[in-house]
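Engineer: Handing over work_26.txt, compact mmCIF, C-alpha atoms.
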```
# COMPACT_ATOMS: atom_id res chain seq x y z
CA MET W 733 0.00 0.00 0.00
CA THR W 734 1.25 3.47 -0.84
CA ARG W 735 1.76 5.29 2.44
CA THR W 736 3.09 8.66 1.43
CA GLY W 737 0.97 10.56 -1.06
CA PHE W 738 2.88 13.50 -2.57
CA VAL W 739 1.86 16.75 -3.68
CA ARG W 740 -1.47 18.47 -3.29
CA ARG W 741 0.44 21.23 -1.45
CA TYR W 742 -2.37 21.95 0.99
CA GLY W 743 -1.67 22.47 4.63
CA ARG W 744 1.77 23.07 6.11
CA SER W 745 4.62 22.58 3.68
CA CYS W 746 7.73 24.39 2.56
CA VAL W 747 9.75 24.35 -0.64
CA THR W 748 13.33 25.25 -1.41
CA GLU W 749 15.24 24.71 -4.61
CA THR W 750 18.73 24.52 -6.02
CA THR W 751 18.27 24.43 -9.76
CA THR W 752 19.51 25.38 -13.20
CA GLY W 753 16.00 24.88 -14.57
CA SER W 754 12.60 25.74 -13.13
CA VAL W 755 11.36 23.84 -10.10
CA PHE W 756 7.73 24.54 -10.87
CA ASP W 757 8.05 23.40 -14.49
CA ALA W 758 9.50 20.14 -13.21
CA TYR W 759 6.91 19.80 -10.44
CA SER W 760 3.82 18.69 -12.33
CA VAL W 761 5.85 16.60 -14.78
CA TYR W 762 7.41 14.84 -11.82
CA TYR W 763 3.99 14.28 -10.25
CA ASP W 764 2.64 12.47 -13.30
CA LEU W 765 5.82 10.44 -13.60
CA LEU W 766 5.70 9.37 -9.97
CA TYR W 767 2.10 8.20 -10.27
CA ARG W 768 2.10 6.92 -13.84
CA ASP W 769 1.27 3.41 -12.55
CA LYS W 770 -1.54 4.60 -10.27
CA ASP W 771 -4.80 2.90 -11.20
CA TYR W 772 -6.87 6.03 -11.74
CA SER W 773 -9.38 4.07 -13.83
CA GLY W 774 -9.93 1.46 -11.12
CA GLU W 775 -10.20 4.09 -8.39
CA ALA W 776 -12.68 6.12 -10.45
CA GLY W 777 -14.72 2.96 -10.96
CA TYR W 778 -14.74 2.34 -7.20
CA VAL W 779 -15.87 5.90 -6.48
CA SER W 780 -18.52 5.68 -9.19
CA GLY W 781 -19.79 2.50 -7.58
CA LEU W 782 -20.21 4.31 -4.26
CA ILE W 783 -21.98 7.17 -6.02
CA GLN W 784 -24.37 4.78 -7.73
CA GLN W 785 -25.16 3.08 -4.42
CA HIS W 786 -26.06 6.31 -2.66
CA LEU W 787 -27.12 8.72 -5.42
CA PRO W 788 -27.69 6.81 -8.67
CA ASN W 789 -28.89 9.87 -10.63
CA ALA W 790 -25.80 11.93 -9.81
CA LYS W 791 -24.22 13.78 -12.75
CA ARG W 792 -22.23 16.78 -11.47
CA ILE W 793 -19.08 16.34 -9.40
CA LEU W 794 -16.75 18.82 -7.71
CA GLU W 795 -13.32 17.36 -6.98
CA LEU W 796 -11.31 19.15 -4.29
CA GLY W 797 -7.54 18.88 -4.75
CA CYS W 798 -7.67 17.39 -8.25
CA GLY W 799 -3.93 17.56 -8.97
CA THR W 800 -3.24 16.95 -12.66
CA GLY W 801 -6.73 15.55 -13.17
CA GLY W 802 -6.17 11.80 -13.23
CA HIS W 803 -9.36 10.91 -11.37
CA ALA W 804 -11.35 13.68 -13.07
CA ARG W 805 -10.55 12.39 -16.55
CA GLU W 806 -11.56 8.85 -15.69
CA LEU W 807 -14.80 9.98 -14.06
CA ALA W 808 -15.61 12.11 -17.11
CA LYS W 809 -15.20 9.00 -19.25
CA LEU W 810 -17.87 7.37 -17.06
CA GLY W 811 -20.34 10.12 -17.96
CA TYR W 812 -20.00 12.56 -15.08
CA ARG W 813 -19.61 16.33 -15.46
CA ILE W 814 -16.51 17.27 -13.48
CA THR W 815 -15.15 20.48 -12.02
CA GLY W 816 -11.64 19.96 -10.65
CA LEU W 817 -10.17 22.39 -8.10
CA ASP W 818 -6.52 22.68 -7.12
CA ARG W 819 -4.39 25.34 -5.48
CA SER W 820 -1.40 24.76 -7.77
CA PRO W 821 -1.45 26.68 -11.09
CA SER W 822 1.08 24.27 -12.61
CA MET W 823 -1.13 21.31 -11.71
CA ILE W 824 -4.21 22.96 -13.23
CA GLN W 825 -2.28 23.93 -16.36
CA ARG W 826 -1.21 20.32 -16.87
CA ALA W 827 -4.70 19.02 -16.08
CA ARG W 828 -6.24 21.31 -18.69
CA LYS W 829 -3.71 20.30 -21.31
CA ARG W 830 -4.20 16.60 -20.75
CA ALA W 831 -7.98 16.96 -20.88
CA SER W 832 -7.78 19.01 -24.10
CA ASP W 833 -5.74 16.22 -25.69
CA THR W 834 -8.76 13.90 -25.26
CA PRO W 835 -11.69 15.21 -27.39
CA LEU W 836 -14.23 13.01 -25.57
CA LEU W 837 -13.67 14.90 -22.31
CA ALA W 838 -16.00 17.81 -23.04
CA ASP W 839 -17.73 17.74 -19.65
CA ILE W 840 -14.69 18.62 -17.58
CA ASP W 841 -13.35 21.91 -16.22
CA PHE W 842 -10.41 22.82 -14.00
CA VAL W 843 -10.14 25.88 -11.77
CA ILE W 844 -7.50 27.28 -9.44
CA GLY W 845 -8.57 27.70 -5.82
CA ASP W 846 -8.02 26.69 -2.20
CA LEU W 847 -10.42 24.05 -0.93
CA ARG W 848 -10.60 25.79 2.44
CA ASP W 849 -12.26 28.95 1.13
CA PHE W 850 -13.36 28.20 -2.44
CA ARG W 851 -16.93 29.30 -3.16
CA THR W 852 -19.07 29.29 -6.27
CA ASP W 853 -22.80 29.65 -6.85
CA THR W 854 -22.92 26.19 -8.47
CA GLN W 855 -24.08 23.22 -6.43
CA PHE W 856 -23.14 19.63 -7.19
CA ASP W 857 -24.53 16.15 -6.67
CA VAL W 858 -21.19 14.85 -5.38
CA VAL W 859 -18.07 16.38 -3.86
CA LEU W 860 -14.87 14.33 -3.85
CA ALA W 861 -11.53 14.75 -2.07
CA LEU W 862 -9.27 11.89 -3.17
CA PHE W 863 -5.67 10.81 -2.73
CA HIS W 864 -5.42 11.89 0.92
CA VAL W 865 -6.30 15.53 0.28
CA ILE W 866 -8.25 15.68 3.55
CA SER W 867 -5.21 14.42 5.47
CA TYR W 868 -3.36 17.55 4.37
CA GLN W 869 -5.76 19.55 6.55
CA THR W 870 -3.71 19.18 9.72
CA SER W 871 -5.39 21.83 11.88
CA ASN W 872 -8.94 21.59 13.18
CA ASP W 873 -9.78 24.90 11.48
CA ASP W 874 -8.54 23.70 8.09
CA LEU W 875 -10.29 20.34 8.40
CA LEU W 876 -13.59 21.99 9.25
CA ALA W 877 -13.13 24.56 6.48
CA ALA W 878 -12.56 21.83 3.88
CA MET W 879 -15.64 19.91 4.98
CA THR W 880 -17.69 23.11 5.04
CA THR W 881 -16.65 23.80 1.45
CA ALA W 882 -17.91 20.34 0.54
CA ALA W 883 -21.20 20.84 2.36
CA GLU W 884 -21.90 24.27 0.88
CA HIS W 885 -21.46 22.98 -2.67
CA LEU W 886 -23.78 19.98 -2.34
CA HIS W 887 -27.43 19.81 -3.21
CA PRO W 888 -29.58 18.57 -0.30
CA GLY W 889 -29.10 14.82 -0.36
CA GLY W 890 -25.77 15.21 -2.13
CA VAL W 891 -22.85 12.95 -1.23
CA PHE W 892 -19.31 13.75 -0.01
CA ILE W 893 -16.70 11.01 -0.53
CA PHE W 894 -13.10 11.23 0.60
CA ASP W 895 -10.19 9.03 1.57
CA CYS W 896 -7.56 9.73 4.21
CA TRP W 897 -4.78 8.28 6.30
CA TYR W 898 -6.48 6.08 8.91
CA GLY W 899 -5.22 6.44 12.46
CA PRO W 900 -5.34 2.81 13.66
CA GLY W 901 -3.30 1.63 10.67
CA VAL W 902 -0.71 4.41 10.93
CA LEU W 903 -0.12 3.73 14.63
CA THR W 904 -0.06 -0.04 14.19
CA ASP W 905 2.41 0.04 11.28
CA PRO W 906 4.24 3.39 11.42
CA PRO W 907 5.71 4.89 8.23
CA VAL W 908 9.37 4.29 7.38
CA THR W 909 11.97 6.00 5.18
CA ARG W 910 11.55 5.17 1.49
CA VAL W 911 13.61 5.88 -1.62
CA ARG W 912 12.17 5.80 -5.13
CA ARG W 913 13.85 6.34 -8.49
CA LEU W 914 12.02 6.87 -11.78
CA GLU W 915 12.77 7.77 -15.38
CA GLY W 916 10.46 9.09 -18.07
CA ASP W 917 9.19 12.17 -19.88
CA GLY W 918 12.77 13.31 -20.36
CA VAL W 919 13.64 13.42 -16.66
CA THR W 920 15.23 11.21 -14.03
CA VAL W 921 13.79 11.54 -10.55
CA THR W 922 15.12 10.38 -7.19
CA ARG W 923 12.85 10.89 -4.19
CA ILE W 924 13.70 10.27 -0.55
CA ALA W 925 10.81 10.36 1.94
CA GLU W 926 11.68 10.47 5.64
CA PRO W 927 8.68 10.50 8.03
CA VAL W 928 8.57 11.92 11.55
CA VAL W 929 5.55 10.87 13.64
CA TYR W 930 3.93 13.27 16.15
CA PRO W 931 1.43 11.02 17.94
CA ASN W 932 0.09 13.76 20.22
CA ASP W 933 -0.91 15.79 17.16
CA ASN W 934 -2.17 12.86 15.04
CA ARG W 935 0.35 13.99 12.43
CA VAL W 936 3.20 12.67 10.33
CA ASP W 937 5.63 15.15 8.78
CA VAL W 938 7.05 13.58 5.63
CA HIS W 939 10.39 15.18 4.72
CA TYR W 940 10.95 14.92 0.97
CA GLU W 941 14.14 15.45 -0.94
CA VAL W 942 13.62 15.22 -4.69
CA LEU W 943 16.26 15.45 -7.41
CA VAL W 944 14.86 16.04 -10.90
CA GLU W 945 17.43 15.85 -13.70
CA GLY W 946 16.58 16.64 -17.32
CA GLU W 947 17.59 18.61 -20.37
CA ARG W 948 17.17 21.91 -18.51
CA GLY W 949 19.53 20.88 -15.76
CA LEU W 950 19.14 19.68 -12.19
CA SER W 951 16.35 20.73 -9.82
CA ARG W 952 16.48 19.94 -6.12
CA ILE W 953 13.18 20.17 -4.29
CA THR W 954 12.89 19.81 -0.53
CA GLU W 955 9.52 19.81 1.18
CA ILE W 956 7.86 18.92 4.42
CA HIS W 957 4.37 17.51 3.92
CA ALA W 958 2.38 17.43 7.12
CA MET W 959 -0.23 14.65 7.02
CA ARG W 960 -2.98 14.17 9.58
CA TYR W 961 -4.18 10.66 10.29
CA LEU W 962 -7.83 10.52 11.27
CA PHE W 963 -10.11 8.42 13.44
CA ALA W 964 -13.78 7.72 12.80
CA PRO W 965 -15.18 9.51 15.91
CA GLU W 966 -13.40 12.80 15.16
CA VAL W 967 -14.37 12.63 11.49
CA GLY W 968 -17.99 12.26 12.56
CA VAL W 969 -17.74 15.37 14.75
CA PHE W 970 -16.25 17.49 11.96
CA LEU W 971 -18.74 16.26 9.37
CA GLN W 972 -21.68 17.09 11.62
CA ALA W 973 -20.22 20.52 12.44
CA ALA W 974 -20.05 21.20 8.70
CA GLY W 975 -23.68 20.17 8.20
CA LEU W 976 -23.02 16.65 6.90
CA SER W 977 -24.14 13.26 8.18
CA PRO W 978 -21.73 10.29 8.13
CA LEU W 979 -23.02 7.31 6.16
CA ARG W 980 -20.24 4.77 5.73
CA LEU W 981 -16.66 3.99 6.70
CA LEU W 982 -14.78 1.63 4.37
CA LYS W 983 -11.36 0.39 3.47
CA TRP W 984 -10.26 2.29 0.38
CA LEU W 985 -11.08 0.24 -2.74
CA ASP W 986 -13.00 -2.24 -0.61
CA GLU W 987 -16.52 -2.71 0.72
CA SER W 988 -15.44 -3.89 4.17
CA GLU W 989 -14.82 -1.83 7.29
CA PRO W 990 -11.26 -0.76 8.09
CA ASP W 991 -9.25 -2.42 10.86
CA VAL W 992 -5.92 -1.88 12.62
CA ALA W 993 -4.05 -2.89 9.46
CA THR W 994 -5.82 -0.31 7.29
CA TRP W 995 -3.77 2.71 6.22
CA ASN W 996 -6.22 4.26 3.79
CA ALA W 997 -9.90 4.65 4.75
CA CYS W 998 -12.82 5.98 2.76
CA PHE W 999 -15.68 8.01 4.26
CA VAL W 1000 -19.08 8.65 2.71
CA ALA W 1001 -21.30 11.44 4.06
CA VAL W 1002 -24.51 13.09 2.95
CA ARG W 1003 -25.82 16.63 3.20
```
Would you encode the structure as structure tokens?
Structural biologist:
Amino acid sequence: MTRTGFVRRYGRSCVTETTTGSVFDAYSVYYDLLYRDKDYSGEAGYVSGLIQQHLPNAKRILELGCGTGGHARELAKLGYRITGLDRSPSMIQRARKRASDTPLLADIDFVIGDLRDFRTDTQFDVVLALFHVISYQTSNDDLLAAMTTAAEHLHPGGVFIFDCWYGPGVLTDPPVTRVRRLEGDGVTVTRIAEPVVYPNDNRVDVHYEVLVEGERGLSRITEIHAMRYLFAPEVGVFLQAAGLSPLRLLKWLDESEPDVATWNACFVAVR
């Protein structure tokens, strides 16, 4: 199981660079390279299955923290109308380009914004926050703000689905240092991820060092990604405070309930 999701850049993080190219040009290219083997199609199918169970007539989806649009594209292929939101302009730029390269993806749009305070007059049938985006909300204020954004953009009866780091699994099998090397799209990437666990804050700070080497030179990116692991009772409190009612707690990509070995949980709530 993948334990350290990179890159939505929400919550507490910092970036430095030593580079002869552009760190932000390399950033979104690196993201797609790192997750080129991620089963976006299978995950979109799983999410669509949950949607069909709880709101079978759903058509319009708002995705919070959409990254480069991997899930959004697959959901659009399944017939949904998608609006993807991300704070990173480079991510949105790449998401728009990749969607424009696929003529069938007419019902898809990408906008720049922060999930904690984004507001639009449009309401949706479903709001999604996938790939641990909610775990990037490490403070109580940010977590409540993200869930309030979801609630305020749902029709009555609309469904909010998100996955997150699950506390029992994180504490049972704590994260460890990992090194990953990849090549593709004209770059070579080496990433070192060193986690530091803060159990009294329900938080793991993942220290990343990333070397991206390509035709434009060498970029060095260092970041700290603070990730909050969550427990069902606290999630229920925040959902209710935002005006949402918890419906289900599942293992991610499974229909069973999570246990102490589960790192990634999926929550379903309704407005």
Engineer: Quick check, in Å to one decimal: how far apart do atom CA of Glu947 of chain W and atom CA of Val919 of chain W lie?
Structural biologist: 7.5 Å
Engineer: May I have the protein, DNA and RNA residues with an atom at most 8 Å from (-22.1, 22.1, -2.7), counting only C-alpha atoms in the file's coordinates, returned as a list in words?
Structural biologist: Thr854, Gln855, Phe856, Asp857, Val858, Val859, Thr881, Ala882, Ala883, Glu884, His885, Leu886, His887 and Gly890 of chain W
Engineer: Any idea what the distance is between atom CA of Tyr778 of chain W and atom CA of Lys983 of chain W?
Structural biologist: 11.4 Å
Engineer: Would you list the contacts of Leu787 of chain W as a list in words, taking every protein, DNA or RNA residue within 10 Å and counting all atoms listed in the file, but skipping same-chain residues closer than 4 positions in sequence?
Structural biologist: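 Non-adjacent residues within range: Ser780, Gly781, Leu782, Ile783, Lys791, Asp857, Val858, Gly889, Gly890, Val891 and Val1002 of chain W.
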Engineer: In Å, rounded to a single decimal, give me how far atom CA of Gly975 of chain W is from atom CA of Pro931 of chain W.
Structural biologist: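 Taking atom CA of Pro931 of chain W as the start and atom CA of Gly975 of chain W as the end point, the length is 28.4 Å.
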Engineer: Check the smallest atom-to-atom distance from each of W:Phe999, W:Trp984, W:Tyr961, W:Tyr762 to Glu775 of chain W using all atoms listed in the file, then report the winner.
Structural biologist: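 Counting all atoms listed in the file, the residue closest to Glu775 of chain W is W:Trp984.
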Engineer: Determine, counting all atoms listed in the file, which protein, DNA and RNA residues have an atom within 10 Å of an atom of Arg828 of chain W; residues of the same chain fewer than 2 positions away are not included. Present the result as a list of chain:residue names.
Structural biologist: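 Skipping anything fewer than 2 positions along the chain leaves W:Thr800, W:Gly801, W:Gly816, W:Ser822, W:Met823, W:Ile824, W:Gln825, W:Arg826, W:Arg830, W:Ala831, W:Ser832, W:Asp833, W:Ile840, W:Asp841, W:Phe842, W:Val843.
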Engineer: Using the file's own x, y and z axes, so that the box edges lie along x, y and z, what centre and edge lengths in Å (one decimal) does a box around every listed atom of segment 850-863 of chain W get when 3 Å is added on each side? Give it as JSON.
Structural biologist:
```
{"center_x": -15.1, "center_y": 20.2, "center_z": -5.3, "size_x": 24.9, "size_y": 24.8, "size_z": 12.4}
```
Engineer: With a distance cut-off of 12 Å and all atoms listed in the file, select the neighbouring residues of Asp769 of chain W, excluding the residue or stretch itself and same-chain residues fewer than 5 positions from it, and output the selection as a list in words.
Structural biologist: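 Neighbouring residues, sequence-local ones excluded: Thr734, Tyr763, Asp764, Gly774, Gly802 and Leu914 of chain W.
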Engineer: So which one's closest to Leu985 of chain W, W:Pro788, W:Gly777, W:Gly811, W:Pro888? Using only C-alpha atoms, please.
Structural biologist: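 Of all the options, W:Gly777 lies closest to Leu985 of chain W.
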Engineer: Using only C-alpha atoms, pick whichever of W:Ala861, W:Leu979, W:Ile866, W:Leu903 has the shortest atom-to-atom distance to Val936 of chain W.
Structural biologist: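 Under the stated criterion, the closest residue is W:Leu903.
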Engineer: Kindly reconstruct segment 929-944 of chain W with N, CA and C atoms and present the result as a PDB file, keeping the file's coordinate frame.
Structural biologist:
```pdb
ATOM      1  N   VAL W 929       6.891  11.035  13.088  1.00  0.00           N
ATOM      2  CA  VAL W 929       5.550  10.870  13.640  1.00  0.00           C
ATOM      3  C   VAL W 929       5.400  11.725  14.898  1.00  0.00           C
ATOM      4  N   TYR W 930       4.282  12.477  14.970  1.00  0.00           N
ATOM      5  CA  TYR W 930       3.930  13.270  16.150  1.00  0.00           C
ATOM      6  C   TYR W 930       2.605  12.739  16.682  1.00  0.00           C
ATOM      7  N   PRO W 931       2.654  11.703  17.521  1.00  0.00           N
ATOM      8  CA  PRO W 931       1.430  11.020  17.940  1.00  0.00           C
ATOM      9  C   PRO W 931       0.479  11.898  18.735  1.00  0.00           C
ATOM     10  N   ASN W 932       0.985  12.892  19.442  1.00  0.00           N
ATOM     11  CA  ASN W 932       0.090  13.760  20.220  1.00  0.00           C
ATOM     12  C   ASN W 932      -0.672  14.747  19.345  1.00  0.00           C
ATOM     13  N   ASP W 933      -0.229  14.907  18.100  1.00  0.00           N
ATOM     14  CA  ASP W 933      -0.910  15.790  17.160  1.00  0.00           C
ATOM     15  C   ASP W 933      -1.629  15.035  16.057  1.00  0.00           C
ATOM     16  N   ASN W 934      -1.594  13.675  16.121  1.00  0.00           N
ATOM     17  CA  ASN W 934      -2.170  12.860  15.040  1.00  0.00           C
ATOM     18  C   ASN W 934      -1.598  13.266  13.684  1.00  0.00           C
ATOM     19  N   ARG W 935      -0.262  13.435  13.632  1.00  0.00           N
ATOM     20  CA  ARG W 935       0.350  13.990  12.430  1.00  0.00           C
ATOM     21  C   ARG W 935       1.660  13.289  12.115  1.00  0.00           C
ATOM     22  N   VAL W 936       1.903  13.139  10.822  1.00  0.00           N
ATOM     23  CA  VAL W 936       3.200  12.670  10.330  1.00  0.00           C
ATOM     24  C   VAL W 936       3.756  13.744   9.404  1.00  0.00           C
ATOM     25  N   ASP W 937       4.949  14.235   9.695  1.00  0.00           N
ATOM     26  CA  ASP W 937       5.630  15.150   8.780  1.00  0.00           C
ATOM     27  C   ASP W 937       6.546  14.321   7.885  1.00  0.00           C
ATOM     28  N   VAL W 938       6.247  14.324   6.594  1.00  0.00           N
ATOM     29  CA  VAL W 938       7.050  13.580   5.630  1.00  0.00           C
ATOM     30  C   VAL W 938       8.043  14.545   4.994  1.00  0.00           C
ATOM     31  N   HIS W 939       9.335  14.336   5.257  1.00  0.00           N
ATOM     32  CA  HIS W 939      10.390  15.180   4.720  1.00  0.00           C
ATOM     33  C   HIS W 939      10.833  14.598   3.377  1.00  0.00           C
ATOM     34  N   TYR W 940      10.594  15.360   2.317  1.00  0.00           N
ATOM     35  CA  TYR W 940      10.950  14.920   0.970  1.00  0.00           C
ATOM     36  C   TYR W 940      12.199  15.637   0.483  1.00  0.00           C
ATOM     37  N   GLU W 941      13.074  14.883  -0.134  1.00  0.00           N
ATOM     38  CA  GLU W 941      14.140  15.450  -0.940  1.00  0.00           C
ATOM     39  C   GLU W 941      14.023  14.833  -2.326  1.00  0.00           C
ATOM     40  N   VAL W 942      13.871  15.683  -3.333  1.00  0.00           N
ATOM     41  CA  VAL W 942      13.620  15.220  -4.690  1.00  0.00           C
ATOM     42  C   VAL W 942      14.654  15.837  -5.622  1.00  0.00           C
ATOM     43  N   LEU W 943      15.338  14.988  -6.381  1.00  0.00           N
ATOM     44  CA  LEU W 943      16.260  15.450  -7.410  1.00  0.00           C
ATOM     45  C   LEU W 943      15.650  15.141  -8.765  1.00  0.00           C
ATOM     46  N   VAL W 944      15.435  16.179  -9.575  1.00  0.00           N
ATOM     47  CA  VAL W 944      14.860  16.040 -10.900  1.00  0.00           C
ATOM     48  C   VAL W 944      15.906  16.490 -11.918  1.00  0.00           C
TER      49      VAL W 944
END
```
